[in-house]
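Structure file start_0.txt; described as compact mmCIF, N, CA and C atoms.
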# COMPACT_ATOMS: atom_id res chain seq x y z
N SER A 267 119.76 75.89 128.85
CA SER A 267 119.04 75.29 127.74
C SER A 267 117.74 76.04 127.48
N THR A 268 117.03 76.39 128.55
CA THR A 268 115.77 77.12 128.41
C THR A 268 116.01 78.51 127.83
N SER A 269 117.05 79.21 128.32
CA SER A 269 117.33 80.55 127.83
C SER A 269 117.74 80.53 126.36
N THR A 270 118.41 79.48 125.93
CA THR A 270 118.82 79.36 124.53
C THR A 270 117.59 79.22 123.63
N SER A 271 116.62 78.38 124.01
CA SER A 271 115.44 78.20 123.17
C SER A 271 114.59 79.47 123.14
N THR A 272 114.53 80.22 124.25
CA THR A 272 113.79 81.47 124.29
C THR A 272 114.41 82.48 123.35
N SER A 273 115.73 82.62 123.38
CA SER A 273 116.38 83.59 122.51
C SER A 273 116.27 83.19 121.06
N THR A 274 116.26 81.90 120.76
CA THR A 274 116.11 81.44 119.38
C THR A 274 114.72 81.75 118.86
N SER A 275 113.68 81.53 119.66
CA SER A 275 112.32 81.82 119.21
C SER A 275 112.10 83.31 119.05
N THR A 276 112.69 84.13 119.92
CA THR A 276 112.59 85.58 119.79
C THR A 276 113.27 86.04 118.51
N SER A 277 114.43 85.49 118.22
CA SER A 277 115.17 85.84 117.02
C SER A 277 114.38 85.46 115.77
N THR A 278 113.77 84.30 115.75
CA THR A 278 112.97 83.84 114.61
C THR A 278 111.76 84.74 114.42
N SER A 279 111.10 85.09 115.52
CA SER A 279 109.94 85.97 115.45
C SER A 279 110.31 87.33 114.88
N THR A 280 111.40 87.93 115.33
CA THR A 280 111.86 89.22 114.84
C THR A 280 112.23 89.13 113.37
N SER A 281 112.92 88.07 113.00
CA SER A 281 113.33 87.87 111.62
C SER A 281 112.12 87.76 110.70
N THR A 282 111.08 87.03 111.09
CA THR A 282 109.88 86.88 110.29
C THR A 282 109.17 88.21 110.14
N SER A 283 109.07 88.96 111.22
CA SER A 283 108.43 90.27 111.19
C SER A 283 109.16 91.22 110.25
N THR A 284 110.48 91.25 110.33
CA THR A 284 111.29 92.11 109.47
C THR A 284 111.14 91.69 108.02
N SER A 285 111.14 90.40 107.77
CA SER A 285 111.00 89.88 106.41
C SER A 285 109.66 90.30 105.80
N THR A 286 108.58 90.20 106.57
CA THR A 286 107.25 90.59 106.11
C THR A 286 107.20 92.08 105.82
N THR A 287 107.78 92.89 106.71
CA THR A 287 107.81 94.33 106.53
C THR A 287 108.57 94.70 105.28
N SER A 288 109.72 94.10 105.06
CA SER A 288 110.50 94.45 103.89
C SER A 288 109.85 93.98 102.61
N ARG A 289 109.15 92.86 102.64
CA ARG A 289 108.41 92.41 101.46
C ARG A 289 107.30 93.40 101.12
N GLY A 290 106.62 93.88 102.13
CA GLY A 290 105.55 94.87 101.94
C GLY A 290 106.09 96.17 101.37
N ALA A 291 107.24 96.60 101.89
CA ALA A 291 107.86 97.84 101.40
C ALA A 291 108.33 97.67 99.96
N MET A 292 108.88 96.52 99.65
CA MET A 292 109.34 96.27 98.28
C MET A 292 108.16 96.21 97.31
N LYS A 293 107.06 95.62 97.76
CA LYS A 293 105.87 95.55 96.92
C LYS A 293 105.35 96.96 96.64
N MET A 294 105.31 97.79 97.68
CA MET A 294 104.85 99.17 97.51
C MET A 294 105.77 99.93 96.57
N ALA A 295 107.07 99.77 96.72
CA ALA A 295 108.03 100.44 95.84
C ALA A 295 107.84 99.99 94.39
N TYR A 296 107.59 98.71 94.18
CA TYR A 296 107.35 98.19 92.84
C TYR A 296 106.09 98.80 92.23
N VAL A 297 105.01 98.85 93.00
CA VAL A 297 103.75 99.41 92.51
C VAL A 297 103.92 100.89 92.18
N LEU A 298 104.62 101.62 93.04
CA LEU A 298 104.85 103.05 92.77
C LEU A 298 105.66 103.24 91.50
N THR A 299 106.72 102.47 91.34
CA THR A 299 107.56 102.57 90.15
C THR A 299 106.78 102.17 88.90
N LEU A 300 106.03 101.11 88.98
CA LEU A 300 105.24 100.63 87.86
C LEU A 300 104.26 101.70 87.36
N ASN A 301 103.70 102.46 88.29
CA ASN A 301 102.73 103.50 87.94
C ASN A 301 103.36 104.88 87.75
N GLY A 302 104.68 104.95 87.80
CA GLY A 302 105.36 106.21 87.59
C GLY A 302 105.19 107.20 88.73
N LEU A 303 104.96 106.68 89.93
CA LEU A 303 104.71 107.54 91.08
C LEU A 303 105.87 107.57 92.07
N ASP A 304 107.01 107.10 91.64
CA ASP A 304 108.14 107.00 92.56
C ASP A 304 108.94 108.30 92.66
N HIS A 305 108.58 109.32 91.90
CA HIS A 305 109.36 110.55 91.95
C HIS A 305 108.55 111.75 92.43
N GLU A 306 107.47 112.08 91.76
CA GLU A 306 106.69 113.28 92.07
C GLU A 306 105.33 112.88 92.64
N PRO A 307 104.96 113.45 93.80
CA PRO A 307 103.65 113.13 94.37
C PRO A 307 102.52 113.58 93.43
N CYS A 308 101.50 112.75 93.31
CA CYS A 308 100.37 113.11 92.46
C CYS A 308 99.08 112.52 93.01
N CYS A 309 97.97 112.99 92.47
CA CYS A 309 96.65 112.53 92.86
C CYS A 309 96.44 111.09 92.39
N MET A 310 95.89 110.25 93.26
CA MET A 310 95.67 108.84 92.94
C MET A 310 94.62 108.67 91.86
N THR A 311 93.74 109.65 91.68
CA THR A 311 92.64 109.53 90.73
C THR A 311 92.94 110.22 89.40
N THR A 312 93.33 111.49 89.48
CA THR A 312 93.52 112.29 88.26
C THR A 312 94.97 112.33 87.79
N ARG A 313 95.89 111.87 88.64
CA ARG A 313 97.34 111.93 88.38
C ARG A 313 97.85 113.38 88.31
N ALA A 314 97.08 114.33 88.83
CA ALA A 314 97.50 115.73 88.86
C ALA A 314 98.70 115.88 89.78
N LEU A 315 99.68 116.66 89.34
CA LEU A 315 100.88 116.94 90.13
C LEU A 315 100.69 118.24 90.88
N ARG A 316 101.51 118.47 91.88
CA ARG A 316 101.37 119.69 92.68
C ARG A 316 101.64 120.95 91.87
N HIS A 317 102.34 120.86 90.74
CA HIS A 317 102.64 122.04 89.93
C HIS A 317 101.60 122.28 88.84
N ASP A 318 100.58 121.41 88.76
CA ASP A 318 99.54 121.55 87.75
C ASP A 318 98.55 122.64 88.14
N THR A 319 97.74 123.02 87.16
CA THR A 319 96.70 124.02 87.38
C THR A 319 95.35 123.37 87.16
N GLU A 320 94.40 123.68 88.03
CA GLU A 320 93.05 123.13 87.90
C GLU A 320 92.29 123.84 86.79
N SER A 321 91.13 123.32 86.42
CA SER A 321 90.33 123.90 85.34
C SER A 321 89.87 125.33 85.65
N ASP A 322 89.75 125.67 86.93
CA ASP A 322 89.35 127.03 87.30
C ASP A 322 90.54 127.99 87.39
N GLY A 323 91.74 127.52 87.06
CA GLY A 323 92.93 128.37 87.08
C GLY A 323 93.70 128.34 88.39
N SER A 324 93.17 127.68 89.40
CA SER A 324 93.85 127.62 90.70
C SER A 324 94.91 126.52 90.69
N ALA A 325 95.85 126.61 91.61
CA ALA A 325 96.89 125.59 91.73
C ALA A 325 96.29 124.31 92.30
N THR A 326 96.85 123.18 91.91
CA THR A 326 96.39 121.89 92.42
C THR A 326 96.74 121.76 93.90
N VAL A 327 95.75 121.36 94.68
CA VAL A 327 95.97 121.10 96.10
C VAL A 327 95.96 119.59 96.28
N LEU A 328 97.04 119.06 96.81
CA LEU A 328 97.10 117.63 97.12
C LEU A 328 96.91 117.43 98.62
N GLY A 329 96.24 116.39 98.96
CA GLY A 329 96.01 116.11 100.38
C GLY A 329 95.48 114.70 100.55
N TRP A 330 94.83 114.48 101.67
CA TRP A 330 94.27 113.18 102.00
C TRP A 330 92.77 113.29 102.21
N GLY A 331 92.06 112.30 101.72
CA GLY A 331 90.67 112.15 102.13
C GLY A 331 90.71 111.48 103.49
N ILE A 332 89.93 111.99 104.42
CA ILE A 332 89.94 111.42 105.76
C ILE A 332 88.54 111.00 106.18
N GLU A 333 88.49 110.01 107.03
CA GLU A 333 87.25 109.60 107.68
C GLU A 333 87.31 110.13 109.10
N HIS A 334 86.22 110.66 109.59
CA HIS A 334 86.21 111.08 110.99
C HIS A 334 84.81 110.88 111.56
N SER A 335 84.76 110.81 112.85
CA SER A 335 83.47 110.73 113.53
C SER A 335 83.51 111.66 114.73
N VAL A 336 82.32 112.14 115.09
CA VAL A 336 82.18 113.04 116.23
C VAL A 336 81.36 112.33 117.29
N ASN A 337 81.85 112.34 118.51
CA ASN A 337 81.15 111.74 119.62
C ASN A 337 79.84 112.50 119.84
N PRO A 338 78.69 111.85 119.72
CA PRO A 338 77.42 112.56 119.85
C PRO A 338 77.17 113.16 121.24
N ARG A 339 77.76 112.55 122.25
CA ARG A 339 77.57 113.05 123.62
C ARG A 339 78.40 114.29 123.89
N THR A 340 79.67 114.27 123.47
CA THR A 340 80.57 115.38 123.78
C THR A 340 80.68 116.39 122.64
N GLY A 341 80.33 115.97 121.41
CA GLY A 341 80.46 116.86 120.26
C GLY A 341 81.90 117.04 119.82
N VAL A 342 82.80 116.17 120.29
CA VAL A 342 84.22 116.27 119.98
C VAL A 342 84.59 115.18 118.97
N CYS A 343 85.45 115.55 118.05
CA CYS A 343 85.94 114.58 117.07
C CYS A 343 86.74 113.53 117.83
N ASP A 344 86.35 112.26 117.68
CA ASP A 344 87.02 111.22 118.45
C ASP A 344 87.73 110.18 117.59
N TYR A 345 87.65 110.32 116.26
CA TYR A 345 88.26 109.33 115.40
C TYR A 345 88.60 109.96 114.05
N ILE A 346 89.85 109.88 113.65
CA ILE A 346 90.29 110.38 112.35
C ILE A 346 91.24 109.34 111.77
N THR A 347 91.04 108.99 110.51
CA THR A 347 91.95 108.07 109.84
C THR A 347 92.00 108.38 108.35
N THR A 348 93.07 107.96 107.73
CA THR A 348 93.23 108.06 106.29
C THR A 348 94.02 106.86 105.81
N CYS A 349 93.85 106.53 104.54
CA CYS A 349 94.64 105.42 103.99
C CYS A 349 95.99 105.93 103.51
N GLY A 350 96.17 107.25 103.42
CA GLY A 350 97.46 107.83 103.08
C GLY A 350 97.71 108.03 101.60
N GLU A 351 96.75 107.75 100.74
CA GLU A 351 96.93 107.99 99.31
C GLU A 351 96.61 109.45 99.01
N LEU A 352 97.48 110.09 98.23
CA LEU A 352 97.25 111.49 97.89
C LEU A 352 96.07 111.64 96.94
N LEU A 353 95.32 112.68 97.17
CA LEU A 353 94.13 112.98 96.40
C LEU A 353 94.14 114.47 96.12
N SER A 354 93.69 114.90 94.95
CA SER A 354 93.60 116.34 94.69
C SER A 354 92.27 116.84 95.26
N TYR A 355 92.25 118.10 95.64
CA TYR A 355 91.03 118.68 96.18
C TYR A 355 89.92 118.64 95.13
N SER A 356 90.28 118.87 93.87
CA SER A 356 89.25 118.85 92.82
C SER A 356 88.66 117.45 92.65
N ALA A 357 89.45 116.39 92.82
CA ALA A 357 88.92 115.03 92.74
C ALA A 357 87.95 114.78 93.90
N PHE A 358 88.29 115.33 95.07
CA PHE A 358 87.42 115.18 96.24
C PHE A 358 86.14 115.98 96.05
N LYS A 359 86.27 117.25 95.68
CA LYS A 359 85.14 118.16 95.61
C LYS A 359 84.29 117.97 94.36
N THR A 360 84.93 117.93 93.19
CA THR A 360 84.20 117.90 91.93
C THR A 360 83.84 116.49 91.48
N LEU A 361 84.80 115.57 91.57
CA LEU A 361 84.57 114.19 91.12
C LEU A 361 83.95 113.31 92.21
N HIS A 362 83.87 113.85 93.42
CA HIS A 362 83.27 113.15 94.57
C HIS A 362 83.95 111.81 94.88
N VAL A 363 85.28 111.79 94.79
CA VAL A 363 86.04 110.59 95.15
C VAL A 363 85.96 110.44 96.66
N ARG A 364 85.47 109.29 97.11
CA ARG A 364 85.29 109.07 98.55
C ARG A 364 85.92 107.77 99.04
N ARG A 365 86.62 107.06 98.16
CA ARG A 365 87.28 105.81 98.55
C ARG A 365 88.70 105.79 98.03
N SER A 366 89.57 105.02 98.67
CA SER A 366 90.95 104.88 98.22
C SER A 366 90.98 104.04 96.94
N ALA A 367 92.07 104.09 96.23
CA ALA A 367 92.22 103.34 94.98
C ALA A 367 92.06 101.84 95.21
N PHE A 368 92.48 101.36 96.38
CA PHE A 368 92.40 99.94 96.68
C PHE A 368 91.25 99.63 97.64
N HIS A 369 90.36 100.59 97.86
CA HIS A 369 89.19 100.44 98.73
C HIS A 369 89.58 99.98 100.13
N GLU A 370 90.63 100.59 100.67
CA GLU A 370 91.10 100.22 102.01
C GLU A 370 90.25 100.83 103.11
N ASN A 371 89.62 101.97 102.83
CA ASN A 371 88.81 102.58 103.87
C ASN A 371 87.44 101.92 103.92
N THR A 372 86.92 101.75 105.14
CA THR A 372 85.65 101.06 105.31
C THR A 372 84.46 102.00 105.12
N LYS A 373 84.68 103.28 105.34
CA LYS A 373 83.62 104.28 105.17
C LYS A 373 84.09 105.31 104.16
N ASP A 374 83.16 106.09 103.65
CA ASP A 374 83.51 107.16 102.72
C ASP A 374 84.31 108.25 103.43
N TYR A 375 85.16 108.94 102.65
CA TYR A 375 85.86 110.09 103.19
C TYR A 375 84.83 111.13 103.61
N THR A 376 85.03 111.73 104.76
CA THR A 376 84.12 112.75 105.25
C THR A 376 84.71 114.15 105.13
N ALA A 377 86.00 114.24 104.89
CA ALA A 377 86.65 115.55 104.78
C ALA A 377 87.95 115.41 103.99
N PHE A 378 88.50 116.54 103.61
CA PHE A 378 89.76 116.59 102.87
C PHE A 378 90.72 117.46 103.66
N ILE A 379 91.93 116.95 103.86
CA ILE A 379 92.94 117.74 104.58
C ILE A 379 94.16 117.90 103.67
N PRO A 380 94.55 119.16 103.38
CA PRO A 380 95.69 119.37 102.49
C PRO A 380 97.01 118.95 103.14
N VAL A 381 97.94 118.52 102.30
CA VAL A 381 99.25 118.09 102.76
C VAL A 381 100.27 119.17 102.44
N TYR A 382 101.12 119.47 103.39
CA TYR A 382 102.17 120.46 103.21
C TYR A 382 103.36 119.77 102.54
N LEU A 383 103.48 119.93 101.21
CA LEU A 383 104.60 119.33 100.48
C LEU A 383 105.82 120.24 100.51
N ASP A 384 105.60 121.52 100.31
CA ASP A 384 106.63 122.53 100.46
C ASP A 384 105.94 123.89 100.59
N ARG A 385 106.69 124.88 100.98
CA ARG A 385 106.11 126.19 101.26
C ARG A 385 105.41 126.78 100.04
N ALA A 386 106.05 126.73 98.88
CA ALA A 386 105.47 127.31 97.68
C ALA A 386 104.13 126.65 97.34
N HIS A 387 104.09 125.32 97.38
CA HIS A 387 102.86 124.60 97.08
C HIS A 387 101.76 124.97 98.06
N PHE A 388 102.09 125.06 99.32
CA PHE A 388 101.09 125.35 100.34
C PHE A 388 100.54 126.77 100.20
N GLU A 389 101.42 127.73 99.89
CA GLU A 389 100.98 129.12 99.75
C GLU A 389 100.22 129.35 98.45
N GLU A 390 100.72 128.82 97.34
CA GLU A 390 100.08 129.03 96.04
C GLU A 390 98.72 128.37 95.95
N SER A 391 98.56 127.24 96.58
CA SER A 391 97.32 126.48 96.46
C SER A 391 96.27 126.87 97.49
N GLY A 392 96.59 127.78 98.37
CA GLY A 392 95.63 128.15 99.41
C GLY A 392 95.47 127.06 100.45
N GLY A 393 96.54 126.32 100.67
CA GLY A 393 96.51 125.19 101.60
C GLY A 393 96.12 125.57 103.02
N LEU A 394 96.63 126.71 103.49
CA LEU A 394 96.32 127.13 104.85
C LEU A 394 94.83 127.40 105.01
N LYS A 395 94.24 128.07 104.03
CA LYS A 395 92.80 128.36 104.08
C LYS A 395 91.99 127.05 104.12
N ARG A 396 92.37 126.08 103.31
CA ARG A 396 91.66 124.80 103.29
C ARG A 396 91.91 124.01 104.58
N LEU A 397 93.13 124.10 105.11
CA LEU A 397 93.45 123.41 106.36
C LEU A 397 92.61 123.97 107.51
N LEU A 398 92.48 125.28 107.57
CA LEU A 398 91.65 125.90 108.61
C LEU A 398 90.18 125.53 108.45
N ALA A 399 89.69 125.49 107.21
CA ALA A 399 88.30 125.10 106.96
C ALA A 399 88.05 123.67 107.43
N THR A 400 88.99 122.78 107.13
CA THR A 400 88.85 121.38 107.56
C THR A 400 88.90 121.29 109.08
N SER A 401 89.80 122.05 109.69
CA SER A 401 89.91 122.04 111.16
C SER A 401 88.60 122.47 111.80
N ARG A 402 87.98 123.50 111.23
CA ARG A 402 86.70 123.97 111.77
C ARG A 402 85.62 122.90 111.63
N ALA A 403 85.65 122.18 110.51
CA ALA A 403 84.65 121.12 110.29
C ALA A 403 84.86 119.96 111.26
N LEU A 404 86.12 119.65 111.59
CA LEU A 404 86.42 118.54 112.49
C LEU A 404 86.16 118.89 113.95
N VAL A 405 86.23 120.16 114.28
CA VAL A 405 86.04 120.60 115.67
C VAL A 405 84.91 121.64 115.68
N PRO A 406 83.66 121.17 115.66
CA PRO A 406 82.53 122.11 115.62
C PRO A 406 82.46 122.94 116.90
N ALA A 407 82.05 124.19 116.74
CA ALA A 407 81.91 125.09 117.90
C ALA A 407 80.72 124.67 118.75
N HIS A 408 80.87 124.83 120.04
CA HIS A 408 79.77 124.46 120.97
C HIS A 408 78.94 125.68 121.29

Transcribe the structure of this file into structure tokens.
Amino acid sequence: STSTSTSTSTSTSTSTSTSTTSRGAMKMAYVLTLNGLDHEPCCMTTRALRHDTESDGSATVLGWGIEHSVNPRTGVCDYITTCGELLSYSAFKTLHVRRSAFHENTKDYTAFIPVYLDRAHFEESGGLKRLLATSRALVPAH
């Protein structure tokens, strides 16, 4: 009798968790579809696509705004997070976008890290150069 009630409560707990997760995923899918973002990745602010060209003639770089902190005692980056919304480098650099569209981050973005969508996008947009620059900023030399 005891084992039956334990397995029933575990089953109910798992079912509730799965139901909540799937509702969240469905809500996200609906929002993406509603905003036309269910097919091609784009910047959350400017709606720039990876195949677009910036005003200076360079390819659009898509990535994430990230928050990070450096431990003052060790000088090592000890915390990195992102809300996961794509942002163009020009929105980060020129428009000074420092918060997610839904204001999920508690602090302003401190850096931009490019996302590798495909080889052509990464090579054309100078993604490797920007990735290395961000890496150097996150891991200061001692």

Open item on the list: Just list as a ChimeraX atom specification whatever in chain A DSSP marks as alpha helix (DSSP H).
Closed with: /A:268-300,355-359,385-390,393-404

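Excluding Arg396 (chain A) itself and same-chain residues fewer than 4 positions from it, the residues having an atom within 6.5 Å of it are Ile379, Pro380, Gly392, Thr400 and Ser401 of chain A, counting only N, CA and C atoms.
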
TODO: Could you tell me how far atom C of Thr348 (chain A) lies from CA of Ile332 (chain A), in Å and to one decimal?
DONE: 6.1 Å

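Atom pair CA of Leu383 (chain A) / CA of Ser356 (chain A): separated by 17.2 Å.
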
Task: Distance in Å - CA of Arg402 (chain A) versus CA of Thr376 (chain A) - done: 13.2 Å

Can you report as lines of an AutoDock Vina configuration file the centre and edge lengths in Å, to one decimal, of an axis-aligned box around the listed atoms of region 343-349 of chain A padded with 5 Å on each side?
center_x = 90.7
center_y = 110.5
center_z = 111.0
size_x = 20.5
size_y = 20.1
size_z = 24.9

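Distance annotation: of A:Glu351, A:Leu397, A:His334, A:Thr340, the residue with the minimal separation from Asp374 (chain A) is A:His334; atom set is all atoms listed in the file.
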
Counting only N, CA and C atoms, which residues sit no farther than 6.5 Å from the position (91.3, 114.8, 109.2) in the file's frame? I'd like them as a PDB file with N, CA and C atoms, keeping the file's coordinate frame.
ATOM      1  N   ILE A 332      89.930 111.990 104.420  1.00  0.00           N
ATOM      2  CA  ILE A 332      89.940 111.420 105.760  1.00  0.00           C
ATOM      3  C   ILE A 332      88.540 111.000 106.180  1.00  0.00           C
ATOM      4  N   GLU A 333      88.490 110.010 107.030  1.00  0.00           N
ATOM      5  CA  GLU A 333      87.250 109.600 107.680  1.00  0.00           C
ATOM      6  C   GLU A 333      87.310 110.130 109.100  1.00  0.00           C
ATOM      7  N   ILE A 346      89.850 109.880 113.650  1.00  0.00           N
ATOM      8  CA  ILE A 346      90.290 110.380 112.350  1.00  0.00           C
ATOM      9  C   ILE A 346      91.240 109.340 111.770  1.00  0.00           C
ATOM     10  N   THR A 347      91.040 108.990 110.510  1.00  0.00           N
ATOM     11  CA  THR A 347      91.950 108.070 109.840  1.00  0.00           C
ATOM     12  C   THR A 347      92.000 108.380 108.350  1.00  0.00           C
ATOM     13  N   ALA A 377      86.000 114.240 104.890  1.00  0.00           N
ATOM     14  CA  ALA A 377      86.650 115.550 104.780  1.00  0.00           C
ATOM     15  C   ALA A 377      87.950 115.410 103.990  1.00  0.00           C
ATOM     16  N   PHE A 378      88.500 116.540 103.610  1.00  0.00           N
ATOM     17  CA  PHE A 378      89.760 116.590 102.870  1.00  0.00           C
ATOM     18  C   PHE A 378      90.720 117.460 103.660  1.00  0.00           C
ATOM     19  N   ILE A 379      91.930 116.950 103.860  1.00  0.00           N
ATOM     20  CA  ILE A 379      92.940 117.740 104.580  1.00  0.00           C
ATOM     21  C   ILE A 379      94.160 117.900 103.670  1.00  0.00           C
TER      22      ILE A 379
END

Task: Nearest to Ala314 (chain A), chosen from A:Cys349, A:Val327, A:Cys343, A:Ala291, with only C-alpha atoms counted in the distances - done: A:Val327

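Of the listed residues (A:Thr311, A:Arg339, A:Ala399, A:His387), A:His387 comes nearest to Ala325 (chain A); the distances count only N, CA and C atoms.
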
Please supply region 329-346 of chain A, rebuilt with N, CA, C and O atoms, as a PDB file, in the coordinates of the input.
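What landed in rebuild30.pdb:
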ATOM      1  N   GLY A 329      96.240 116.390  98.960  1.00  0.00           N
ATOM      2  CA  GLY A 329      96.010 116.110 100.380  1.00  0.00           C
ATOM      3  C   GLY A 329      95.480 114.700 100.550  1.00  0.00           C
ATOM      4  O   GLY A 329      95.643 113.853  99.686  1.00  0.00           O
ATOM      5  N   TRP A 330      94.830 114.480 101.670  1.00  0.00           N
ATOM      6  CA  TRP A 330      94.270 113.180 102.000  1.00  0.00           C
ATOM      7  C   TRP A 330      92.770 113.290 102.210  1.00  0.00           C
ATOM      8  O   TRP A 330      92.297 114.230 102.850  1.00  0.00           O
ATOM      9  N   GLY A 331      92.060 112.300 101.720  1.00  0.00           N
ATOM     10  CA  GLY A 331      90.670 112.150 102.130  1.00  0.00           C
ATOM     11  C   GLY A 331      90.710 111.480 103.490  1.00  0.00           C
ATOM     12  O   GLY A 331      91.482 110.551 103.701  1.00  0.00           O
ATOM     13  N   ILE A 332      89.930 111.990 104.420  1.00  0.00           N
ATOM     14  CA  ILE A 332      89.940 111.420 105.760  1.00  0.00           C
ATOM     15  C   ILE A 332      88.540 111.000 106.180  1.00  0.00           C
ATOM     16  O   ILE A 332      87.549 111.554 105.717  1.00  0.00           O
ATOM     17  N   GLU A 333      88.490 110.010 107.030  1.00  0.00           N
ATOM     18  CA  GLU A 333      87.250 109.600 107.680  1.00  0.00           C
ATOM     19  C   GLU A 333      87.310 110.130 109.100  1.00  0.00           C
ATOM     20  O   GLU A 333      88.357 110.055 109.735  1.00  0.00           O
ATOM     21  N   HIS A 334      86.220 110.660 109.590  1.00  0.00           N
ATOM     22  CA  HIS A 334      86.210 111.080 110.990  1.00  0.00           C
ATOM     23  C   HIS A 334      84.810 110.880 111.560  1.00  0.00           C
ATOM     24  O   HIS A 334      83.841 110.752 110.830  1.00  0.00           O
ATOM     25  N   SER A 335      84.760 110.810 112.850  1.00  0.00           N
ATOM     26  CA  SER A 335      83.470 110.730 113.530  1.00  0.00           C
ATOM     27  C   SER A 335      83.510 111.660 114.730  1.00  0.00           C
ATOM     28  O   SER A 335      84.558 111.943 115.298  1.00  0.00           O
ATOM     29  N   VAL A 336      82.320 112.140 115.090  1.00  0.00           N
ATOM     30  CA  VAL A 336      82.180 113.040 116.230  1.00  0.00           C
ATOM     31  C   VAL A 336      81.360 112.330 117.290  1.00  0.00           C
ATOM     32  O   VAL A 336      80.301 111.754 116.989  1.00  0.00           O
ATOM     33  N   ASN A 337      81.850 112.340 118.510  1.00  0.00           N
ATOM     34  CA  ASN A 337      81.150 111.740 119.620  1.00  0.00           C
ATOM     35  C   ASN A 337      79.840 112.500 119.840  1.00  0.00           C
ATOM     36  O   ASN A 337      79.870 113.706 120.091  1.00  0.00           O
ATOM     37  N   PRO A 338      78.690 111.850 119.720  1.00  0.00           N
ATOM     38  CA  PRO A 338      77.420 112.560 119.850  1.00  0.00           C
ATOM     39  C   PRO A 338      77.170 113.160 121.240  1.00  0.00           C
ATOM     40  O   PRO A 338      76.485 114.156 121.369  1.00  0.00           O
ATOM     41  N   ARG A 339      77.760 112.550 122.250  1.00  0.00           N
ATOM     42  CA  ARG A 339      77.570 113.050 123.620  1.00  0.00           C
ATOM     43  C   ARG A 339      78.400 114.290 123.890  1.00  0.00           C
ATOM     44  O   ARG A 339      77.902 115.273 124.433  1.00  0.00           O
ATOM     45  N   THR A 340      79.670 114.270 123.470  1.00  0.00           N
ATOM     46  CA  THR A 340      80.570 115.380 123.780  1.00  0.00           C
ATOM     47  C   THR A 340      80.680 116.390 122.640  1.00  0.00           C
ATOM     48  O   THR A 340      81.111 117.518 122.853  1.00  0.00           O
ATOM     49  N   GLY A 341      80.330 115.970 121.410  1.00  0.00           N
ATOM     50  CA  GLY A 341      80.460 116.860 120.260  1.00  0.00           C
ATOM     51  C   GLY A 341      81.900 117.040 119.820  1.00  0.00           C
ATOM     52  O   GLY A 341      82.221 117.937 119.047  1.00  0.00           O
ATOM     53  N   VAL A 342      82.800 116.170 120.290  1.00  0.00           N
ATOM     54  CA  VAL A 342      84.220 116.270 119.980  1.00  0.00           C
ATOM     55  C   VAL A 342      84.590 115.180 118.970  1.00  0.00           C
ATOM     56  O   VAL A 342      84.113 114.057 119.061  1.00  0.00           O
ATOM     57  N   CYS A 343      85.450 115.550 118.050  1.00  0.00           N
ATOM     58  CA  CYS A 343      85.940 114.580 117.070  1.00  0.00           C
ATOM     59  C   CYS A 343      86.740 113.530 117.830  1.00  0.00           C
ATOM     60  O   CYS A 343      87.689 113.843 118.544  1.00  0.00           O
ATOM     61  N   ASP A 344      86.350 112.260 117.680  1.00  0.00           N
ATOM     62  CA  ASP A 344      87.020 111.220 118.450  1.00  0.00           C
ATOM     63  C   ASP A 344      87.730 110.180 117.590  1.00  0.00           C
ATOM     64  O   ASP A 344      88.348 109.261 118.116  1.00  0.00           O
ATOM     65  N   TYR A 345      87.650 110.320 116.260  1.00  0.00           N
ATOM     66  CA  TYR A 345      88.260 109.330 115.400  1.00  0.00           C
ATOM     67  C   TYR A 345      88.600 109.960 114.050  1.00  0.00           C
ATOM     68  O   TYR A 345      87.726 110.562 113.417  1.00  0.00           O
ATOM     69  N   ILE A 346      89.850 109.880 113.650  1.00  0.00           N
ATOM     70  CA  ILE A 346      90.290 110.380 112.350  1.00  0.00           C
ATOM     71  C   ILE A 346      91.240 109.340 111.770  1.00  0.00           C
ATOM     72  O   ILE A 346      92.146 108.873 112.453  1.00  0.00           O
TER      73      ILE A 346
END
